[in-house]
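This is model.cif (mmCIF, C-alpha atoms and all ligand atoms).
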data_protein
#
loop_
_atom_site.label_atom_id
_atom_site.label_comp_id
_atom_site.auth_asym_id
_atom_site.auth_seq_id
_atom_site.Cartn_x
_atom_site.Cartn_y
_atom_site.Cartn_z
CA MET Q 1 -78.54 19.74 30.00
CA ALA Q 2 -77.06 23.04 28.88
CA ALA Q 3 -76.04 23.11 25.22
CA SER Q 4 -72.85 25.02 24.57
CA THR Q 5 -71.49 25.38 21.06
CA ASN Q 6 -73.32 24.63 17.89
CA ARG Q 7 -71.27 23.42 14.95
CA GLN Q 8 -73.03 24.30 11.74
CA TRP Q 9 -72.28 24.10 8.03
CA VAL Q 10 -73.06 27.24 6.06
CA LEU Q 11 -73.19 27.66 2.30
CA LYS Q 12 -69.94 29.34 1.29
CA SER Q 13 -70.26 29.50 -2.48
CA ARG Q 14 -72.70 28.45 -5.16
CA PRO Q 15 -71.34 25.41 -6.95
CA LYS Q 16 -70.67 25.61 -10.63
CA GLY Q 17 -71.20 22.13 -12.00
CA TRP Q 18 -70.33 19.42 -9.48
CA VAL Q 19 -70.99 20.38 -5.87
CA LYS Q 20 -67.78 20.29 -3.79
CA GLU Q 21 -67.08 19.96 -0.08
CA THR Q 22 -65.44 23.41 -0.27
CA ASP Q 23 -68.77 24.98 -1.25
CA PHE Q 24 -69.60 24.68 2.47
CA GLU Q 25 -67.85 25.97 5.58
CA LEU Q 26 -67.98 24.56 9.12
CA LYS Q 27 -68.51 27.26 11.74
CA SER Q 28 -69.14 27.31 15.49
CA ALA Q 29 -71.73 29.49 17.16
CA PRO Q 30 -73.21 29.51 20.66
CA ALA Q 31 -76.21 27.20 20.89
CA PRO Q 32 -79.33 29.41 20.77
CA GLU Q 33 -81.68 30.02 23.72
CA PRO Q 34 -85.35 29.23 23.11
CA GLY Q 35 -87.75 32.15 23.33
CA GLU Q 36 -91.44 31.97 24.26
CA GLY Q 37 -93.16 29.21 22.26
CA GLN Q 38 -89.86 27.76 21.03
CA CYS Q 39 -87.72 24.81 21.92
CA LEU Q 40 -84.08 23.91 21.48
CA VAL Q 41 -83.58 20.71 19.53
CA ARG Q 42 -80.44 18.64 19.33
CA THR Q 43 -80.03 17.10 15.87
CA LEU Q 44 -79.76 13.32 15.90
CA TYR Q 45 -80.02 12.46 12.21
CA VAL Q 46 -79.78 14.58 9.08
CA SER Q 47 -81.50 13.51 5.89
CA MET Q 48 -79.42 13.80 2.72
CA ASP Q 49 -81.57 14.44 -0.33
CA PRO Q 50 -80.60 15.04 -3.96
CA ALA Q 51 -83.07 17.96 -4.03
CA MET Q 52 -80.71 19.89 -1.74
CA ARG Q 53 -78.46 20.35 -4.78
CA GLY Q 54 -81.27 22.44 -6.30
CA TRP Q 55 -81.77 24.41 -3.07
CA ILE Q 56 -78.28 25.92 -3.35
CA GLU Q 57 -78.88 27.23 -6.88
CA ASP Q 58 -79.97 30.85 -7.13
CA ARG Q 59 -83.01 30.25 -9.31
CA PRO Q 60 -86.78 30.09 -8.83
CA SER Q 61 -87.96 26.75 -7.51
CA TYR Q 62 -90.65 25.30 -5.25
CA ILE Q 63 -88.67 26.52 -2.22
CA PRO Q 64 -86.44 29.64 -1.88
CA PRO Q 65 -82.69 29.08 -2.35
CA VAL Q 66 -80.35 28.77 0.63
CA GLN Q 67 -78.42 32.05 0.77
CA ILE Q 68 -74.65 32.34 1.00
CA GLY Q 69 -73.72 32.33 4.71
CA GLU Q 70 -76.93 30.54 5.72
CA VAL Q 71 -76.93 27.19 7.48
CA MET Q 72 -77.41 24.45 4.88
CA ARG Q 73 -81.05 23.44 4.87
CA ALA Q 74 -81.87 19.77 5.44
CA GLY Q 75 -84.57 17.65 6.98
CA GLY Q 76 -83.70 15.91 10.19
CA VAL Q 77 -84.82 14.24 13.38
CA GLY Q 78 -83.82 15.70 16.71
CA GLN Q 79 -84.53 15.55 20.39
CA VAL Q 80 -85.93 18.41 22.43
CA VAL Q 81 -83.34 19.68 24.93
CA THR Q 82 -85.16 22.61 26.54
CA SER Q 83 -88.67 23.76 25.78
CA ARG Q 84 -90.84 26.82 26.10
CA HIS Q 85 -93.19 25.27 23.57
CA PRO Q 86 -96.71 24.38 24.77
CA GLU Q 87 -96.72 20.87 23.30
CA LEU Q 88 -93.10 19.73 23.23
CA ARG Q 89 -91.23 18.38 26.24
CA PRO Q 90 -87.52 17.66 26.80
CA GLY Q 91 -86.73 14.22 25.41
CA ASP Q 92 -89.43 14.34 22.68
CA LEU Q 93 -88.29 13.26 19.23
CA VAL Q 94 -89.25 15.73 16.52
CA GLN Q 95 -88.72 16.08 12.79
CA GLY Q 96 -88.41 19.17 10.65
CA LEU Q 97 -85.96 21.23 8.64
CA LEU Q 98 -83.21 21.18 11.26
CA GLY Q 99 -80.31 21.85 8.86
CA TRP Q 100 -76.66 20.79 8.88
CA GLN Q 101 -76.09 21.79 12.49
CA GLU Q 102 -76.00 20.30 15.96
CA TYR Q 103 -78.74 22.46 17.52
CA SER Q 104 -81.67 24.46 16.21
CA LEU Q 105 -84.69 26.33 17.49
CA VAL Q 106 -88.11 25.15 16.37
CA GLY Q 107 -91.65 26.38 16.94
CA GLY Q 108 -92.76 29.93 17.52
CA ALA Q 109 -93.29 32.74 15.03
CA GLY Q 110 -90.96 32.85 12.02
CA LEU Q 111 -89.30 29.52 12.78
CA MET Q 112 -89.69 26.19 11.07
CA PRO Q 113 -92.37 24.02 12.61
CA ALA Q 114 -91.37 20.64 13.91
CA SER Q 115 -93.68 17.73 14.49
CA LYS Q 116 -93.41 14.84 16.91
CA LEU Q 117 -92.45 11.53 15.39
CA PRO Q 118 -95.49 9.30 14.89
CA PRO Q 119 -95.64 6.56 17.55
CA GLY Q 120 -93.66 3.44 16.62
CA VAL Q 121 -91.66 5.20 13.89
CA SER Q 122 -87.88 5.16 14.43
CA PRO Q 123 -85.83 8.30 13.64
CA VAL Q 124 -84.18 6.73 10.61
CA GLN Q 125 -87.47 5.36 9.26
CA ALA Q 126 -88.99 8.81 9.72
CA LEU Q 127 -86.46 10.18 7.25
CA GLY Q 128 -86.69 7.29 4.79
CA VAL Q 129 -89.19 4.54 4.21
CA LEU Q 130 -91.83 6.16 6.46
CA GLY Q 131 -90.68 9.70 5.66
CA LEU Q 132 -90.50 11.92 2.61
CA THR Q 133 -88.78 9.44 0.30
CA GLY Q 134 -91.25 6.64 1.11
CA LEU Q 135 -94.14 9.07 0.72
CA THR Q 136 -92.73 10.31 -2.58
CA ALA Q 137 -92.74 6.75 -3.86
CA TYR Q 138 -96.23 6.11 -2.49
CA PHE Q 139 -98.02 9.16 -3.90
CA GLY Q 140 -95.96 9.41 -7.08
CA LEU Q 141 -96.44 5.81 -8.07
CA LEU Q 142 -100.06 5.37 -6.99
CA ASP Q 143 -101.51 8.78 -7.87
CA LEU Q 144 -99.60 9.52 -11.06
CA GLY Q 145 -98.46 6.10 -12.21
CA ARG Q 146 -101.73 4.31 -11.39
CA PRO Q 147 -100.24 0.84 -11.88
CA GLN Q 148 -102.65 -2.00 -12.64
CA ALA Q 149 -102.08 -5.66 -11.83
CA GLY Q 150 -100.25 -7.41 -14.66
CA GLU Q 151 -98.64 -4.23 -15.99
CA THR Q 152 -94.89 -3.73 -16.38
CA VAL Q 153 -93.35 -1.03 -14.19
CA VAL Q 154 -89.79 0.24 -14.60
CA VAL Q 155 -88.06 2.28 -11.89
CA SER Q 156 -84.75 4.14 -12.22
CA GLY Q 157 -82.61 5.02 -9.22
CA ALA Q 158 -84.14 1.74 -8.12
CA ALA Q 159 -81.79 0.91 -5.24
CA GLY Q 160 -82.18 4.38 -3.73
CA ALA Q 161 -84.50 5.53 -0.98
CA THR Q 162 -87.37 6.53 -3.25
CA GLY Q 163 -86.91 4.10 -6.11
CA SER Q 164 -86.65 0.99 -3.95
CA VAL Q 165 -89.97 1.78 -2.27
CA ALA Q 166 -91.68 2.73 -5.55
CA GLY Q 167 -90.73 -0.60 -7.10
CA GLN Q 168 -91.96 -2.59 -4.13
CA ILE Q 169 -95.28 -0.75 -4.05
CA ALA Q 170 -95.69 -1.63 -7.73
CA LYS Q 171 -94.99 -5.26 -6.83
CA ILE Q 172 -97.67 -5.11 -4.12
CA GLN Q 173 -100.08 -3.87 -6.82
CA GLY Q 174 -99.41 -7.07 -8.76
CA CYS Q 175 -97.11 -5.61 -11.41
CA ARG Q 176 -93.98 -6.99 -12.99
CA VAL Q 177 -91.19 -4.69 -11.81
CA VAL Q 178 -87.82 -3.97 -13.38
CA GLY Q 179 -85.32 -1.75 -11.57
CA ILE Q 180 -82.46 0.21 -13.12
CA ALA Q 181 -79.49 0.87 -10.83
CA GLY Q 182 -75.73 1.30 -10.91
CA GLY Q 183 -73.64 -1.80 -10.23
CA ALA Q 184 -73.98 -5.50 -9.48
CA GLU Q 185 -74.35 -5.09 -5.70
CA LYS Q 186 -77.37 -2.81 -6.02
CA CYS Q 187 -78.95 -4.95 -8.74
CA GLY Q 188 -78.42 -8.07 -6.62
CA TRP Q 189 -80.10 -6.43 -3.64
CA LEU Q 190 -83.10 -5.46 -5.78
CA THR Q 191 -83.83 -8.98 -6.96
CA ARG Q 192 -82.73 -10.88 -3.84
CA GLU Q 193 -84.20 -8.73 -1.10
CA ALA Q 194 -86.40 -5.99 -2.51
CA HIS Q 195 -88.84 -8.19 -4.44
CA PHE Q 196 -88.00 -6.77 -7.90
CA ASP Q 197 -88.47 -9.23 -10.79
CA ALA Q 198 -85.36 -8.08 -12.62
CA ALA Q 199 -82.69 -5.42 -12.52
CA ILE Q 200 -80.64 -3.61 -15.17
CA ASP Q 201 -77.17 -2.36 -14.30
CA TYR Q 202 -77.02 0.86 -16.31
CA LYS Q 203 -73.28 1.10 -15.70
CA GLY Q 204 -72.57 -2.29 -17.26
CA ASP Q 205 -75.58 -3.29 -19.39
CA ASP Q 206 -77.00 -1.98 -22.64
CA VAL Q 207 -80.15 -0.45 -21.13
CA ALA Q 208 -82.15 -0.34 -24.39
CA ARG Q 209 -81.39 -3.98 -25.19
CA ARG Q 210 -82.21 -5.16 -21.64
CA LEU Q 211 -85.49 -3.21 -21.70
CA ARG Q 212 -86.47 -4.99 -24.92
CA GLU Q 213 -85.59 -8.36 -23.36
CA LEU Q 214 -87.20 -7.80 -19.97
CA CYS Q 215 -90.28 -5.83 -21.06
CA PRO Q 216 -91.41 -7.53 -24.27
CA ARG Q 217 -94.83 -5.81 -24.21
CA GLY Q 218 -93.33 -2.39 -23.45
CA VAL Q 219 -93.29 -0.30 -20.27
CA ASP Q 220 -96.69 0.65 -18.83
CA VAL Q 221 -95.40 2.79 -15.96
CA TYR Q 222 -91.97 4.40 -15.67
CA PHE Q 223 -91.05 5.95 -12.31
CA ASP Q 224 -88.16 8.23 -13.23
CA ASN Q 225 -85.65 9.42 -10.66
CA VAL Q 226 -82.75 10.14 -12.99
CA GLY Q 227 -83.76 11.67 -16.36
CA GLY Q 228 -81.07 11.83 -19.07
CA PRO Q 229 -80.19 8.88 -21.32
CA ILE Q 230 -82.13 6.37 -19.18
CA LEU Q 231 -85.35 8.35 -19.61
CA ASP Q 232 -84.68 8.44 -23.34
CA ALA Q 233 -84.16 4.68 -23.47
CA VAL Q 234 -87.45 4.04 -21.64
CA LEU Q 235 -89.32 6.55 -23.83
CA ALA Q 236 -88.30 4.48 -26.84
CA HIS Q 237 -89.88 1.42 -25.25
CA LEU Q 238 -93.29 2.53 -23.99
CA ALA Q 239 -96.46 0.46 -24.07
CA PRO Q 240 -99.68 2.10 -25.33
CA ARG Q 241 -101.20 4.53 -22.74
CA ALA Q 242 -98.01 4.43 -20.66
CA ARG Q 243 -97.61 6.76 -17.67
CA ILE Q 244 -94.25 8.34 -16.86
CA VAL Q 245 -93.91 9.68 -13.33
CA LEU Q 246 -91.28 12.44 -13.30
CA CYS Q 247 -89.99 12.26 -9.75
CA GLY Q 248 -86.48 13.61 -10.29
CA GLY Q 249 -83.59 13.91 -12.70
CA ILE Q 250 -80.42 13.39 -10.66
CA SER Q 251 -78.27 12.72 -13.75
CA ALA Q 252 -78.40 16.46 -14.48
CA TYR Q 253 -78.31 17.98 -10.98
CA ASN Q 254 -74.59 18.76 -11.22
CA GLU Q 255 -74.62 19.99 -14.82
CA SER Q 256 -73.80 23.68 -15.16
CA GLU Q 257 -76.00 23.92 -18.27
CA PRO Q 258 -79.29 22.05 -18.63
CA PRO Q 259 -78.65 19.05 -20.89
CA PRO Q 260 -80.57 18.70 -24.18
CA GLY Q 261 -84.11 17.40 -23.73
CA PRO Q 262 -85.12 13.80 -24.39
CA ARG Q 263 -84.84 12.84 -28.07
CA ASN Q 264 -87.69 10.33 -27.96
CA LEU Q 265 -90.54 12.56 -26.79
CA MET Q 266 -92.58 11.73 -29.92
CA ALA Q 267 -93.13 8.32 -28.31
CA LEU Q 268 -95.63 10.07 -26.02
CA VAL Q 269 -97.70 10.99 -29.08
CA ILE Q 270 -97.41 7.62 -30.79
CA GLN Q 271 -98.23 5.64 -27.64
CA ARG Q 272 -100.86 8.13 -26.32
CA ALA Q 273 -98.72 8.26 -23.20
CA ARG Q 274 -98.63 10.76 -20.33
CA MET Q 275 -95.62 12.23 -18.51
CA GLU Q 276 -96.23 14.20 -15.32
CA GLY Q 277 -94.11 15.71 -12.59
CA PHE Q 278 -95.00 16.23 -8.94
CA ILE Q 279 -93.60 17.49 -5.63
CA VAL Q 280 -94.37 15.35 -2.61
CA ILE Q 281 -95.10 18.26 -0.27
CA ASP Q 282 -98.29 18.90 -2.26
CA TYR Q 283 -99.59 15.70 -0.64
CA ALA Q 284 -98.90 16.87 2.93
CA ALA Q 285 -102.57 16.62 3.94
CA ARG Q 286 -102.50 12.92 3.02
CA PHE Q 287 -99.17 12.05 4.69
CA PRO Q 288 -100.82 10.23 7.63
CA GLU Q 289 -102.59 7.91 5.17
CA GLY Q 290 -99.30 7.22 3.38
CA VAL Q 291 -97.33 6.61 6.59
CA LYS Q 292 -100.00 4.22 7.88
CA GLN Q 293 -100.03 2.15 4.70
CA LEU Q 294 -96.24 2.10 4.31
CA ALA Q 295 -95.79 1.11 7.97
CA ALA Q 296 -98.21 -1.78 7.50
CA TRP Q 297 -96.34 -3.03 4.41
CA VAL Q 298 -92.99 -2.74 6.21
CA ALA Q 299 -94.38 -4.66 9.22
CA GLU Q 300 -95.69 -7.38 6.88
CA GLY Q 301 -92.25 -7.72 5.29
CA ARG Q 302 -93.55 -6.57 1.91
CA ILE Q 303 -91.23 -3.56 1.71
CA ALA Q 304 -87.53 -4.12 2.35
CA HIS Q 305 -85.54 -1.01 3.12
CA ARG Q 306 -81.93 -0.12 3.70
CA GLU Q 307 -80.31 2.89 5.27
CA ASP Q 308 -76.79 4.11 4.71
CA ILE Q 309 -75.74 5.82 7.94
CA GLN Q 310 -72.62 7.98 8.01
CA ARG Q 311 -71.53 9.66 11.22
CA GLY Q 312 -70.38 13.08 12.50
CA ILE Q 313 -71.53 16.60 11.66
CA GLU Q 314 -68.05 17.25 10.25
CA ASN Q 315 -68.87 14.76 7.48
CA ALA Q 316 -72.03 16.48 6.22
CA PRO Q 317 -70.75 17.66 2.80
CA LYS Q 318 -68.91 14.37 2.23
CA THR Q 319 -72.10 12.44 3.00
CA PHE Q 320 -74.15 14.67 0.69
CA LEU Q 321 -71.77 13.95 -2.20
CA ARG Q 322 -72.28 10.20 -1.79
CA LEU Q 323 -75.71 10.60 -3.43
CA PHE Q 324 -74.25 11.89 -6.69
CA ARG Q 325 -71.49 9.28 -6.77
CA GLY Q 326 -74.02 6.50 -6.21
CA GLU Q 327 -72.22 5.42 -3.02
CA ASN Q 328 -75.43 5.04 -1.02
CA LEU Q 329 -77.57 1.93 -1.02
CA GLY Q 330 -80.94 2.97 0.35
CA LYS Q 331 -81.66 6.10 2.32
CA GLN Q 332 -78.63 8.32 2.96
CA VAL Q 333 -78.56 9.76 6.48
CA LEU Q 334 -75.94 11.32 8.69
CA GLN Q 335 -76.01 10.54 12.38
CA VAL Q 336 -74.98 13.59 14.39
CA ALA Q 337 -75.73 12.47 17.96
CA ASP Q 338 -77.23 9.59 19.95
CA PRO Q 339 -80.70 9.99 21.45
CA GLY Q 340 -80.69 10.77 25.15
CA ARG Q 341 -77.01 11.78 25.36
CA SER Q 342 -75.95 15.37 25.99
N1 LIG F 1 -90.58 14.95 -6.64
C1 LIG F 1 -90.38 14.89 -5.34
O1 LIG F 1 -91.15 15.40 -4.52
C2 LIG F 1 -89.17 14.17 -4.83
C3 LIG F 1 -89.01 13.87 -3.46
C4 LIG F 1 -87.88 13.13 -3.04
C5 LIG F 1 -86.94 12.74 -3.99
N2 LIG F 1 -87.12 13.10 -5.30
C6 LIG F 1 -86.15 12.69 -6.32
O2 LIG F 1 -86.06 11.28 -6.30
C7 LIG F 1 -84.77 10.89 -6.74
C8 LIG F 1 -84.15 9.93 -5.74
O3 LIG F 1 -83.95 10.62 -4.51
P1 LIG F 1 -83.53 9.80 -3.20
O4 LIG F 1 -83.56 10.75 -2.07
O5 LIG F 1 -84.33 8.56 -3.13
O6 LIG F 1 -82.00 9.46 -3.50
P2 LIG F 1 -81.38 8.02 -3.73
O7 LIG F 1 -82.03 7.42 -4.91
O8 LIG F 1 -81.37 7.27 -2.45
O9 LIG F 1 -79.85 8.40 -4.06
C9 LIG F 1 -79.49 8.94 -5.27
C10 LIG F 1 -79.11 7.85 -6.29
O10 LIG F 1 -79.12 8.42 -7.59
C11 LIG F 1 -78.33 7.62 -8.42
N3 LIG F 1 -77.57 8.47 -9.35
C12 LIG F 1 -76.64 9.41 -9.05
N4 LIG F 1 -76.17 9.97 -10.17
C13 LIG F 1 -76.79 9.34 -11.21
C14 LIG F 1 -76.70 9.45 -12.63
N5 LIG F 1 -75.88 10.33 -13.21
N6 LIG F 1 -77.49 8.65 -13.39
C15 LIG F 1 -78.31 7.75 -12.82
N7 LIG F 1 -78.45 7.59 -11.48
C16 LIG F 1 -77.68 8.39 -10.69
C17 LIG F 1 -77.36 6.83 -7.53
O11 LIG F 1 -77.69 5.47 -7.63
P3 LIG F 1 -76.93 4.51 -8.71
O12 LIG F 1 -75.75 3.94 -7.99
O13 LIG F 1 -77.98 3.55 -9.07
O14 LIG F 1 -76.50 5.40 -9.84
C18 LIG F 1 -77.69 7.32 -6.12
O15 LIG F 1 -77.59 6.32 -5.16
C19 LIG F 1 -83.97 12.17 -6.94
O16 LIG F 1 -84.03 12.54 -8.31
C20 LIG F 1 -84.73 13.18 -6.10
O17 LIG F 1 -84.53 14.49 -6.52
C21 LIG F 1 -88.21 13.79 -5.73
#
Structure re-expressed in structure tokens:
Amino acid sequence: MAASTNRQWVLKSRPKGWVKETDFELKSAPAPEPGEGQCLVRTLYVSMDPAMRGWIEDRPSYIPPVQIGEVMRAGGVGQVVTSRHPELRPGDLVQGLLGWQEYSLVGGAGLMPASKLPPGVSPVQALGVLGLTGLTAYFGLLDLGRPQAGETVVVSGAAGATGSVAGQIAKIQGCRVVGIAGGAEKCGWLTREAHFDAAIDYKGDDVARRLRELCPRGVDVYFDNVGGPILDAVLAHLAPRARIVLCGGISAYNESEPPPGPRNLMALVIQRARMEGFIVIDYAARFPEGVKQLAAWVAEGRIAHREDIQRGIENAPKTFLRLFRGENLGKQVLQVADPGRS
């Protein structure tokens, strides 16, 4: 199949405060030709991740910022169209940083590597429960949180891709698990389908009061995806020797100025508690271990997962914004093409 045009979203302006659809521009370019050692990949699914909001800020981070005029960076799963790569064949499914575009080149010097999907892993699972968000939950909770059977674990962003898996892993470890999420539908899903013991609707409930009711002996492990007032409320309710896993702080990602720090940090001193951040890519060498374990739990029905699939490359910015409005339940992905179709 000969690819023709490549629709791609480039970064047009750096957002000030809330990211807007108009911070991106849809352009068309000829689909690129693979050089020696490269292959042309057609994007099937794009992963939408809150971290991408940080990637478009011009400030030092764990990854260089996307430049104005560059294709918006994003993880994705695609299918090899033509290949001059020694190990990839047309039809192979690969994952990598494919970006908000219909086609990309992978492999070869100076280009992003792409790896074949592990056998038995579907494209959507490879971006979610068996991909970076599942692995973030796995390593963050187990390595940093170190939950013990009988302990109380609280997870914020609990109905999202990372939080929902973190809570269920804690359940598998024999913990009592309380999720914090926005709205009755998400809270209902947590307790009915995702094995959580209880859920707090931070948009409707008094979080501090519900924490006191649901965690009478305090919180042993807090897996934090949101920061802000919810982190403060949990800090005020820690058990002795508590561990706080700082996974993310989405409540502040669209703030133009960093919000004031948590008011209840002294609780760490009083409770001899620990708060630690991490970035999942530091665990890359152990990803196969994580994927294997997560896949086994999914197959055993011990981890429920949901995906929110939007469609069409033209909807990339709109789909990205869903994360910050809390419109996604589970992993947010954008389907760009069907496998096997030109
Ligand atoms: N450290 C790492 O290596 C790493 C890797 C992956 C992800 N992360 C972090 O993990 C977190 C979750 O990422 P994800 O990909 O799994 O996304 P997600 O949880 O599937 O989606 C984002 C969710 O955040 C919630 N949210 C949005 N604005 C909020 C606010 N102001 N206050 C509270 N909650 C808010 C929304 O749920 P509600 O409807 O419940 O508000 C939304 O559905 C993010 O902070 C992300 O940056 C970290």
Task: Env. residues ligand LIG 1 (chain F) / 8 Å / all atoms listed in the file / as a PyMOL selection string - done: chain Q and resi 48-51+132-133+136+140+156-164+180-183+186+201-203+224-228+230+246-252+277-281+322-332
- [ ] Can you work out the spacing between CA of Leu117 (chain Q) and CA of Glu300 (chain Q) in Å, to one decimal?
- [x]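 Separation between CA of Leu117 (chain Q) and CA of Glu300 (chain Q): 21.0 Å.
With all atoms listed in the file as the atoms that count, the residue of Q:Gln101, Q:Ser83, Q:Gln168, Q:Ser47 with the shortest distance to Thr191 (chain Q) is Q:Gln168.
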Please, what is the axis-aligned box for every listed atom of region 127-141 of chain Q with 3 Å on each side, as centre and edge lengths in Å to one decimal, as lines of an AutoDock Vina configuration file?
center_x = -92.2
center_y = 8.2
center_z = -0.4
size_x = 17.6
size_y = 13.4
size_z = 21.3
TODO: Find, counting all atoms listed in the file, the residue in Q:Val155, Q:Trp297, Q:Val333, Q:Val10 that gets nearest to Phe320 (chain Q).
DONE: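 Using all atoms listed in the file, the shortest distance to Phe320 (chain Q) belongs to Q:Val333.
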TODO: Taking the point (-88.9, 19.0, 17.3) as given in the file, collect each protein or nucleic acid residue that comes within 10 Å of it, counting only C-alpha atoms, and present the set as a VMD selection string.
DONE: chain Q and resid 38 to 43 76 to 81 83 85 88 to 98 104 to 107 112 to 117
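Comparing Q:Ala149, Q:Leu238, Q:Ile56, Q:Val298 by their smallest distance to Lys20 (chain Q), the closest is Q:Ile56 (using all atoms listed in the file).
If only C-alpha atoms are the atoms counted, then among Q:Leu214, Q:Ala284, Q:Leu294, Q:Val154 the closest residue to Ala126 (chain Q) is Q:Leu294.
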Can you list, as a PDB file with C-alpha atoms, in the frame of the given file, every protein, DNA or RNA residue that comes within 10 Å of region 255-263 of chain Q when you count only C-alpha atoms, leaving out same-chain residues fewer than 2 positions away?
ATOM      1  CA  PRO Q  15     -71.340  25.410  -6.950  1.00  0.00           C
ATOM      2  CA  LYS Q  16     -70.670  25.610 -10.630  1.00  0.00           C
ATOM      3  CA  GLY Q  17     -71.200  22.130 -12.000  1.00  0.00           C
ATOM      4  CA  TRP Q  18     -70.330  19.420  -9.480  1.00  0.00           C
ATOM      5  CA  VAL Q  19     -70.990  20.380  -5.870  1.00  0.00           C
ATOM      6  CA  GLY Q 227     -83.760  11.670 -16.360  1.00  0.00           C
ATOM      7  CA  GLY Q 228     -81.070  11.830 -19.070  1.00  0.00           C
ATOM      8  CA  PRO Q 229     -80.190   8.880 -21.320  1.00  0.00           C
ATOM      9  CA  ILE Q 230     -82.130   6.370 -19.180  1.00  0.00           C
ATOM     10  CA  LEU Q 231     -85.350   8.350 -19.610  1.00  0.00           C
ATOM     11  CA  ASP Q 232     -84.680   8.440 -23.340  1.00  0.00           C
ATOM     12  CA  ALA Q 233     -84.160   4.680 -23.470  1.00  0.00           C
ATOM     13  CA  LEU Q 235     -89.320   6.550 -23.830  1.00  0.00           C
ATOM     14  CA  ALA Q 236     -88.300   4.480 -26.840  1.00  0.00           C
ATOM     15  CA  ILE Q 250     -80.420  13.390 -10.660  1.00  0.00           C
ATOM     16  CA  SER Q 251     -78.270  12.720 -13.750  1.00  0.00           C
ATOM     17  CA  ALA Q 252     -78.400  16.460 -14.480  1.00  0.00           C
ATOM     18  CA  TYR Q 253     -78.310  17.980 -10.980  1.00  0.00           C
ATOM     19  CA  LEU Q 265     -90.540  12.560 -26.790  1.00  0.00           C
ATOM     20  CA  MET Q 266     -92.580  11.730 -29.920  1.00  0.00           C
ATOM     21  CA  ALA Q 267     -93.130   8.320 -28.310  1.00  0.00           C
TER      22      ALA Q 267
END
Task: Computed interatomic separation between CA of Phe196 (chain Q) and CA of Arg176 (chain Q) (Å) - done: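 Interatomic distance, CA of Phe196 (chain Q) to CA of Arg176 (chain Q): 7.9 Å.
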TODO: Could you please give me, as a PyMOL selection string, the residues of protein, DNA or RNA lying at most 10 Å from (-80.6, 27.8, 7.4) in the coordinate frame of the file, considering all atoms listed in the file?
DONE: chain Q and resi 8-11+66-74+97-101+104+112
